[in-house]
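S.K.: I am sharing entry_12.tsv, which consists of TSV, C-alpha atoms and all ligand atoms:
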chain	number	residue	atom	x	y	z
A	102	MET	CA	221.58	-124.61	137.31
A	103	LEU	CA	220.19	-121.78	135.26
A	104	VAL	CA	216.79	-122.16	136.78
A	105	ARG	CA	218.24	-122.16	140.29
A	106	ARG	CA	220.25	-119.03	139.56
A	107	GLU	CA	217.19	-117.35	138.16
A	108	ILE	CA	215.20	-118.34	141.19
A	109	ILE	CA	217.93	-117.04	143.49
A	110	LEU	CA	218.06	-113.83	141.47
A	111	MET	CA	214.27	-113.60	141.63
A	112	ILE	CA	214.33	-114.15	145.38
A	113	TYR	CA	217.17	-111.67	145.70
A	114	LEU	CA	215.29	-109.12	143.60
A	115	LEU	CA	212.10	-109.75	145.45
A	116	SER	CA	213.81	-109.48	148.80
A	117	ASN	CA	215.65	-106.42	147.56
A	118	PHE	CA	212.40	-104.98	146.32
A	119	ASN	CA	210.75	-105.73	149.65
A	120	TRP	CA	213.63	-104.09	151.45
A	121	ILE	CA	213.17	-100.94	149.36
A	122	LYS	CA	209.45	-101.15	149.96
A	123	THR	CA	210.05	-101.48	153.68
A	124	VAL	CA	212.44	-98.53	153.64
A	125	ILE	CA	209.91	-96.46	151.69
A	126	HIS	CA	207.16	-97.63	153.97
A	127	ILE	CA	209.14	-96.71	157.10
A	128	SER	CA	210.16	-93.40	155.54
A	129	MET	CA	206.54	-92.63	154.70
A	130	LYS	CA	205.52	-93.53	158.24
A	131	ILE	CA	208.23	-91.26	159.66
A	132	ILE	CA	207.09	-88.44	157.35
A	133	LEU	CA	203.46	-88.95	158.36
A	134	LEU	CA	204.43	-89.12	162.03
A	135	LYS	CA	206.42	-85.88	161.65
A	136	ARG	CA	203.40	-84.29	159.99
A	137	LYS	CA	201.18	-85.45	162.83
A	138	VAL	CA	203.63	-84.11	165.38
A	139	ASN	CA	203.72	-80.79	163.52
A	140	GLN	CA	199.93	-80.73	163.36
A	141	MET	CA	199.81	-81.43	167.10
A	142	LYS	CA	202.38	-78.70	167.68
A	143	ASN	CA	200.26	-76.33	165.59
A	144	LYS	CA	197.16	-77.41	167.49
A	145	ILE	CA	198.94	-76.90	170.81
A	146	SER	CA	200.21	-73.47	169.78
A	147	PHE	CA	196.73	-72.61	168.44
A	148	LEU	CA	195.14	-73.76	171.70
A	149	SER	CA	197.62	-71.78	173.77
A	150	LEU	CA	196.97	-68.75	171.56
A	151	VAL	CA	193.20	-69.16	172.07
A	152	THR	CA	193.75	-69.59	175.81
A	153	LEU	CA	195.95	-66.51	175.87
A	154	LEU	CA	193.37	-64.47	173.95
A	155	LEU	CA	190.55	-65.71	176.21
A	156	PHE	CA	192.59	-64.88	179.28
A	157	ALA	CA	193.42	-61.45	177.89
A	158	GLY	CA	189.75	-60.95	177.03
A	159	ILE	CA	188.60	-61.96	180.48
A	160	THR	CA	191.21	-59.76	182.11
A	161	GLY	CA	190.29	-56.92	179.77
A	162	CYS	CA	186.58	-57.38	180.47
A	163	SER	CA	187.04	-57.41	184.20
A	164	LYS	CA	189.15	-54.27	183.90
A	165	ASN	CA	186.39	-52.67	181.84
A	166	ASP	CA	183.82	-53.77	184.40
A	167	TYR	CA	185.78	-52.09	187.14
A	168	GLY	CA	186.12	-49.05	184.94
A	169	THR	CA	182.42	-48.80	184.17
A	170	ASN	CA	181.27	-49.70	187.70
A	171	SER	CA	182.49	-46.43	189.13
A	172	TYR	CA	180.85	-44.68	186.18
A	173	THR	CA	177.47	-46.47	186.50
A	174	ASN	CA	177.42	-46.08	190.26
A	175	SER	CA	177.35	-42.34	189.91
A	176	MET	CA	175.42	-42.07	186.63
A	177	VAL	CA	172.86	-44.85	186.21
A	178	ASN	CA	171.61	-45.34	189.78
A	179	THR	CA	168.04	-44.24	190.21
A	180	PRO	CA	166.82	-42.64	193.43
A	181	GLY	CA	164.69	-44.68	195.81
A	182	ALA	CA	161.38	-43.62	197.36
A	183	ASN	CA	161.42	-40.20	199.03
A	184	GLU	CA	164.83	-39.60	197.52
A	185	VAL	CA	166.10	-37.01	195.06
A	186	PHE	CA	169.39	-37.34	193.21
A	187	ILE	CA	171.25	-34.27	192.10
A	188	GLN	CA	172.96	-35.37	188.90
A	189	ASN	CA	173.92	-33.82	185.58
A	190	ILE	CA	173.21	-30.36	187.04
A	191	ALA	CA	169.54	-31.26	187.70
A	192	PHE	CA	167.21	-32.57	190.40
A	193	SER	CA	165.94	-36.09	189.67
A	194	PRO	CA	163.01	-36.46	189.92
A	195	GLN	CA	162.38	-32.81	189.19
A	196	SER	CA	159.04	-33.00	191.03
A	197	ILE	CA	158.34	-35.33	193.96
A	198	THR	CA	155.02	-35.94	195.72
A	199	VAL	CA	154.93	-37.24	199.30
A	200	THR	CA	152.50	-37.43	202.22
A	201	ALA	CA	152.82	-35.06	205.19
A	202	GLY	CA	155.44	-36.17	207.69
A	203	THR	CA	157.76	-37.64	205.04
A	204	THR	CA	161.48	-36.97	205.10
A	205	ILE	CA	163.05	-36.39	201.69
A	206	LYS	CA	166.74	-37.00	201.20
A	207	TRP	CA	168.80	-35.29	198.48
A	208	THR	CA	172.16	-36.72	197.38
A	209	ASN	CA	174.63	-34.89	195.18
A	210	LYS	CA	175.89	-37.34	192.53
A	211	ASP	CA	177.73	-34.66	190.58
A	212	ASN	CA	181.36	-33.72	190.90
A	213	VAL	CA	180.38	-30.07	191.36
A	214	ALA	CA	178.73	-28.47	194.41
A	215	HIS	CA	174.98	-27.78	194.55
A	216	THR	CA	172.48	-26.47	197.08
A	217	VAL	CA	168.92	-27.44	197.97
A	218	SER	CA	167.33	-24.11	198.77
A	219	SER	CA	163.59	-23.54	199.28
A	220	GLY	CA	161.95	-20.78	197.30
A	221	THR	CA	162.38	-19.64	193.73
A	222	PRO	CA	165.63	-18.51	192.04
A	223	GLY	CA	166.61	-15.18	193.55
A	224	SER	CA	163.87	-15.43	196.22
A	225	PRO	CA	164.80	-17.94	198.97
A	226	ASN	CA	161.99	-18.36	201.54
A	227	GLY	CA	164.11	-19.94	204.27
A	228	ILE	CA	161.97	-23.07	204.86
A	229	PHE	CA	164.97	-25.27	204.16
A	230	GLU	CA	168.55	-24.63	203.09
A	231	SER	CA	171.21	-27.28	202.62
A	232	GLY	CA	174.21	-25.05	202.08
A	233	ASN	CA	176.83	-26.29	199.60
A	234	LEU	CA	176.71	-30.05	198.97
A	235	ASN	CA	179.81	-31.57	197.43
A	236	ASN	CA	179.95	-34.93	195.60
A	237	GLY	CA	178.27	-37.54	197.82
A	238	GLY	CA	176.87	-34.88	200.14
A	239	THR	CA	173.33	-35.37	201.43
A	240	PHE	CA	170.57	-33.17	202.84
A	241	SER	CA	167.32	-34.30	204.46
A	242	PHE	CA	164.20	-32.35	205.35
A	243	THR	CA	160.91	-33.51	206.89
A	244	PHE	CA	157.79	-32.01	205.29
A	245	ASN	CA	155.05	-31.80	207.93
A	246	THR	CA	152.91	-29.17	206.20
A	247	ARG	CA	150.80	-29.83	203.12
A	248	GLY	CA	151.46	-27.66	200.10
A	249	THR	CA	153.72	-27.14	197.11
A	250	PHE	CA	157.30	-26.28	197.93
A	251	PRO	CA	159.49	-24.98	195.12
A	252	TYR	CA	163.23	-25.12	195.58
A	253	TYR	CA	166.37	-24.45	193.54
A	254	CYS	CA	170.16	-24.59	193.53
A	255	LYS	CA	171.78	-21.29	194.47
A	256	LEU	CA	174.87	-22.16	192.41
A	257	HIS	CA	172.90	-22.89	189.19
A	258	GLN	CA	169.81	-20.72	189.57
A	259	ASP	CA	169.07	-20.45	185.86
A	260	THR	CA	168.57	-24.18	185.28
A	261	MET	CA	168.28	-26.07	188.56
A	262	THR	CA	164.81	-25.99	190.05
A	263	GLY	CA	162.62	-28.61	191.72
A	264	THR	CA	159.30	-29.02	193.45
A	265	VAL	CA	158.12	-30.94	196.51
A	266	VAL	CA	154.35	-31.56	196.68
A	267	VAL	CA	153.14	-32.57	200.15
A	268	GLN	CA	149.67	-34.11	200.28
A	301	CU	CU	173.71	-26.66	191.34
Would you encode the structure as structure tokens?
Ligand SMILES: [Cu+2]
M.R.:
Amino acid sequence: MLVRREIILMIYLLSNFNWIKTVIHISMKIILLKRKVNQMKNKISFLSLVTLLLFAGITGCSKNDYGTNSYTNSMVNTPGANEVFIQNIAFSPQSITVTAGTTIKWTNKDNVAHTVSSGTPGSPNGIFESGNLNNGGTFSFTFNTRGTFPYYCKLHQDTMTGTVVVQ
């Protein structure tokens, strides 16, 4: 009888112990699962944060691009052949060489008015005269005669001079 009781007690204890083990095991699994869920939540929130930052960056960049485009269009563009840009209160190129019969086109890229006037500052010779050119304004003149043709801007005579060489 004693042996049986002991066995029953042993079985009871063992089963009891297993039950505790199972409870602990399940509890541990629940804790681990919760941790995983939290990690996933963190990952999701991190991913959404990264996505948000990327989106903001892209939007910001495109805004910057739009902002700089208008700036570069007026500042960085270089004149083509037989073309002179008036920018930063100067003729660019300052001296241009063409063959006889070529038409040269000036474009004012500045936000202030300029003129393309043949001659030297204070001494216009009347070969060509653009009058006031505002931003985006153009003036064209065809050079049929060989020679060196100095010109200047009547509104900035002290600094704005250029030369057309016709060969
Ligand atoms: Cu000028």
S.K.: Nearest to ligand CU 301 (chain A) among A:Thr221, A:Phe250, A:Ala191, A:Gln268, with distances taken over only C-alpha atoms and all ligand atoms: which residue is it?
M.R.: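 Checking each of A:Thr221, A:Phe250, A:Ala191, A:Gln268 against ligand CU 301 (chain A), counting only C-alpha atoms and all ligand atoms, the winner is A:Ala191.
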S.K.: Report, in Å with one decimal, the straight-line distance from CA of Gly248 (chain A) to CA of Thr262 (chain A).
M.R.: 16.8 Å
S.K.: What gap, in Å, lies between CA of Asn212 (chain A) and CA of Phe244 (chain A)?
M.R.: 27.7 Å
S.K.: Tell me, in Å to one decimal, how far CA of Gly237 (chain A) is from CA of Asn209 (chain A).
M.R.: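 These two atoms are separated by 5.2 Å.
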S.K.: Would you list the residues near (154.3, -35.1, 205.4), meaning any protein, DNA or RNA residue with an atom at most 6 Å from that point in file coordinates, counting all atoms listed in the file, as a list in words?
M.R.: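 Counting all atoms listed in the file, I find these residues within 6 Å of (154.3, -35.1, 205.4): Thr200, Ala201, Gly202, Thr203, Phe244, Asn245 and Val267 of chain A.
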S.K.: So, counting all atoms listed in the file, which residue among A:Gln258, A:Asn189, A:Asn183, A:Thr264 is closest to Ser241 (chain A)?
M.R.: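 With all atoms listed in the file as the atom set, the closest residue is A:Asn183.
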S.K.: If we draw a sphere of 12 Å around (166.1, -28.2, 203.7), which residues have at least one atom in it when counting all atoms listed in the file? Please report them as a PyMOL selection string.
M.R.: chain A and resi 204-207+216-220+225-234+239-244+250-254+265
S.K.: Those residues with C-alpha atoms, as a compact mmCIF listing (two decimals), in the coordinates of the input please?
M.R.:
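As a result, out_25.txt now contains:
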# COMPACT_ATOMS: atom_id res chain seq x y z
CA THR A 204 161.48 -36.97 205.10
CA ILE A 205 163.05 -36.39 201.69
CA LYS A 206 166.74 -37.00 201.20
CA TRP A 207 168.80 -35.29 198.48
CA THR A 216 172.48 -26.47 197.08
CA VAL A 217 168.92 -27.44 197.97
CA SER A 218 167.33 -24.11 198.77
CA SER A 219 163.59 -23.54 199.28
CA GLY A 220 161.95 -20.78 197.30
CA PRO A 225 164.80 -17.94 198.97
CA ASN A 226 161.99 -18.36 201.54
CA GLY A 227 164.11 -19.94 204.27
CA ILE A 228 161.97 -23.07 204.86
CA PHE A 229 164.97 -25.27 204.16
CA GLU A 230 168.55 -24.63 203.09
CA SER A 231 171.21 -27.28 202.62
CA GLY A 232 174.21 -25.05 202.08
CA ASN A 233 176.83 -26.29 199.60
CA LEU A 234 176.71 -30.05 198.97
CA THR A 239 173.33 -35.37 201.43
CA PHE A 240 170.57 -33.17 202.84
CA SER A 241 167.32 -34.30 204.46
CA PHE A 242 164.20 -32.35 205.35
CA THR A 243 160.91 -33.51 206.89
CA PHE A 244 157.79 -32.01 205.29
CA PHE A 250 157.30 -26.28 197.93
CA PRO A 251 159.49 -24.98 195.12
CA TYR A 252 163.23 -25.12 195.58
CA TYR A 253 166.37 -24.45 193.54
CA CYS A 254 170.16 -24.59 193.53
CA VAL A 265 158.12 -30.94 196.51
S.K.: Here is a test: counting only C-alpha atoms, which residue of A:Leu133, A:Met261, A:Leu256, A:Ala214 is nearest to Gln195 (chain A)?
M.R.: A:Met261
S.K.: Give me, as number ranges by chain, all polymer residues having an atom no more than 9 Å from Ile187 (chain A), counting only C-alpha atoms and skipping those fewer than 3 positions away in the same chain.
M.R.: A: 190-194, 207-211, 215
S.K.: Give the answer as one residue: which of A:Lys137, A:Lys130, A:His257, A:Arg247 has the shortest atom-to-atom distance to ligand CU 301 (chain A), using all atoms listed in the file?
M.R.: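 Nearest candidate to ligand CU 301 (chain A) out of A:Lys137, A:Lys130, A:His257, A:Arg247: A:His257.
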S.K.: Ranking A:Thr246, A:Asn178, A:Asn236, A:Ser224 by minimum distance to ligand CU 301 (chain A) and counting all atoms listed in the file, which one comes first?
M.R.: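 With all atoms listed in the file as the atom set, the closest residue is A:Asn236.
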S.K.: When distances are computed from all atoms listed in the file, which of A:Thr249, A:Gln188, A:Thr179, A:Ser196 shows the smallest separation from ligand CU 301 (chain A)?
M.R.: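 Going through A:Thr249, A:Gln188, A:Thr179, A:Ser196 one by one, the smallest distance to ligand CU 301 (chain A) is for A:Gln188.
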S.K.: Kindly complete region 223-258 of chain A to N, CA and C atoms; the output should be written as a short mmCIF file (atom, residue, chain, number, x, y, z; two decimals), in the coordinates of the input.
M.R.:
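Writing done, so here's out-v3.cif:
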data_model
loop_
_atom_site.label_atom_id
_atom_site.label_comp_id
_atom_site.auth_asym_id
_atom_site.auth_seq_id
_atom_site.Cartn_x
_atom_site.Cartn_y
_atom_site.Cartn_z
N GLY A 223 166.50 -16.60 193.18
CA GLY A 223 166.61 -15.18 193.55
C GLY A 223 165.72 -14.82 194.74
N SER A 224 164.78 -15.72 195.12
CA SER A 224 163.87 -15.43 196.22
C SER A 224 163.79 -16.60 197.21
N PRO A 225 164.86 -16.85 197.98
CA PRO A 225 164.80 -17.94 198.97
C PRO A 225 163.77 -17.61 200.06
N ASN A 226 162.99 -18.62 200.50
CA ASN A 226 161.99 -18.36 201.54
C ASN A 226 162.40 -18.90 202.91
N GLY A 227 163.56 -19.55 202.98
CA GLY A 227 164.11 -19.94 204.27
C GLY A 227 163.48 -21.15 204.94
N ILE A 228 162.57 -21.88 204.24
CA ILE A 228 161.97 -23.07 204.86
C ILE A 228 163.04 -24.16 205.05
N PHE A 229 163.82 -24.36 204.02
CA PHE A 229 164.97 -25.27 204.16
C PHE A 229 166.13 -24.78 203.30
N GLU A 230 167.33 -25.09 203.77
CA GLU A 230 168.55 -24.63 203.09
C GLU A 230 169.68 -25.60 203.43
N SER A 231 170.18 -26.25 202.39
CA SER A 231 171.21 -27.28 202.62
C SER A 231 172.61 -26.70 202.77
N GLY A 232 172.83 -25.51 202.21
CA GLY A 232 174.21 -25.05 202.08
C GLY A 232 174.87 -25.83 200.95
N ASN A 233 176.15 -25.61 200.71
CA ASN A 233 176.83 -26.29 199.60
C ASN A 233 176.99 -27.79 199.87
N LEU A 234 176.53 -28.59 198.90
CA LEU A 234 176.71 -30.05 198.97
C LEU A 234 177.73 -30.45 197.93
N ASN A 235 178.82 -31.06 198.38
CA ASN A 235 179.81 -31.57 197.43
C ASN A 235 179.42 -32.97 196.98
N ASN A 236 180.24 -33.57 196.10
CA ASN A 236 179.95 -34.93 195.60
C ASN A 236 179.74 -35.89 196.77
N GLY A 237 178.60 -36.58 196.76
CA GLY A 237 178.27 -37.54 197.82
C GLY A 237 177.58 -36.91 199.01
N GLY A 238 177.52 -35.58 199.02
CA GLY A 238 176.87 -34.88 200.14
C GLY A 238 175.36 -35.08 200.13
N THR A 239 174.78 -35.14 201.33
CA THR A 239 173.33 -35.37 201.43
C THR A 239 172.68 -34.27 202.27
N PHE A 240 171.38 -34.10 202.05
CA PHE A 240 170.57 -33.17 202.84
C PHE A 240 169.18 -33.77 202.98
N SER A 241 168.66 -33.74 204.21
CA SER A 241 167.32 -34.30 204.46
C SER A 241 166.44 -33.24 205.11
N PHE A 242 165.17 -33.28 204.75
CA PHE A 242 164.20 -32.35 205.35
C PHE A 242 162.85 -33.06 205.48
N THR A 243 162.22 -32.89 206.64
CA THR A 243 160.91 -33.51 206.89
C THR A 243 159.81 -32.50 206.60
N PHE A 244 158.88 -32.89 205.71
CA PHE A 244 157.79 -32.01 205.29
C PHE A 244 156.53 -32.36 206.09
N ASN A 245 156.22 -31.54 207.09
CA ASN A 245 155.05 -31.80 207.93
C ASN A 245 153.82 -31.03 207.47
N THR A 246 154.01 -30.02 206.64
CA THR A 246 152.91 -29.17 206.20
C THR A 246 152.56 -29.48 204.75
N ARG A 247 151.24 -29.58 204.49
CA ARG A 247 150.80 -29.83 203.12
C ARG A 247 151.03 -28.57 202.27
N GLY A 248 151.26 -28.80 201.00
CA GLY A 248 151.46 -27.66 200.10
C GLY A 248 152.47 -27.98 199.01
N THR A 249 152.73 -27.00 198.18
CA THR A 249 153.72 -27.14 197.11
C THR A 249 154.93 -26.29 197.47
N PHE A 250 156.07 -26.95 197.50
CA PHE A 250 157.30 -26.28 197.93
C PHE A 250 158.32 -26.24 196.79
N PRO A 251 158.46 -25.09 196.15
CA PRO A 251 159.49 -24.98 195.12
C PRO A 251 160.88 -24.81 195.76
N TYR A 252 161.85 -25.32 195.10
CA TYR A 252 163.23 -25.12 195.58
C TYR A 252 164.17 -25.01 194.38
N TYR A 253 165.41 -24.65 194.63
CA TYR A 253 166.37 -24.45 193.54
C TYR A 253 167.79 -24.60 194.07
N CYS A 254 168.74 -24.56 193.15
CA CYS A 254 170.16 -24.59 193.53
C CYS A 254 170.70 -23.18 193.40
N LYS A 255 171.27 -22.67 194.47
CA LYS A 255 171.78 -21.29 194.47
C LYS A 255 172.99 -21.12 193.55
N LEU A 256 173.67 -22.24 193.26
CA LEU A 256 174.87 -22.16 192.41
C LEU A 256 174.53 -22.28 190.92
N HIS A 257 173.33 -22.77 190.60
CA HIS A 257 172.90 -22.89 189.19
C HIS A 257 171.44 -22.45 189.08
N GLN A 258 171.19 -21.22 189.45
CA GLN A 258 169.81 -20.72 189.57
C GLN A 258 169.04 -20.74 188.26
#
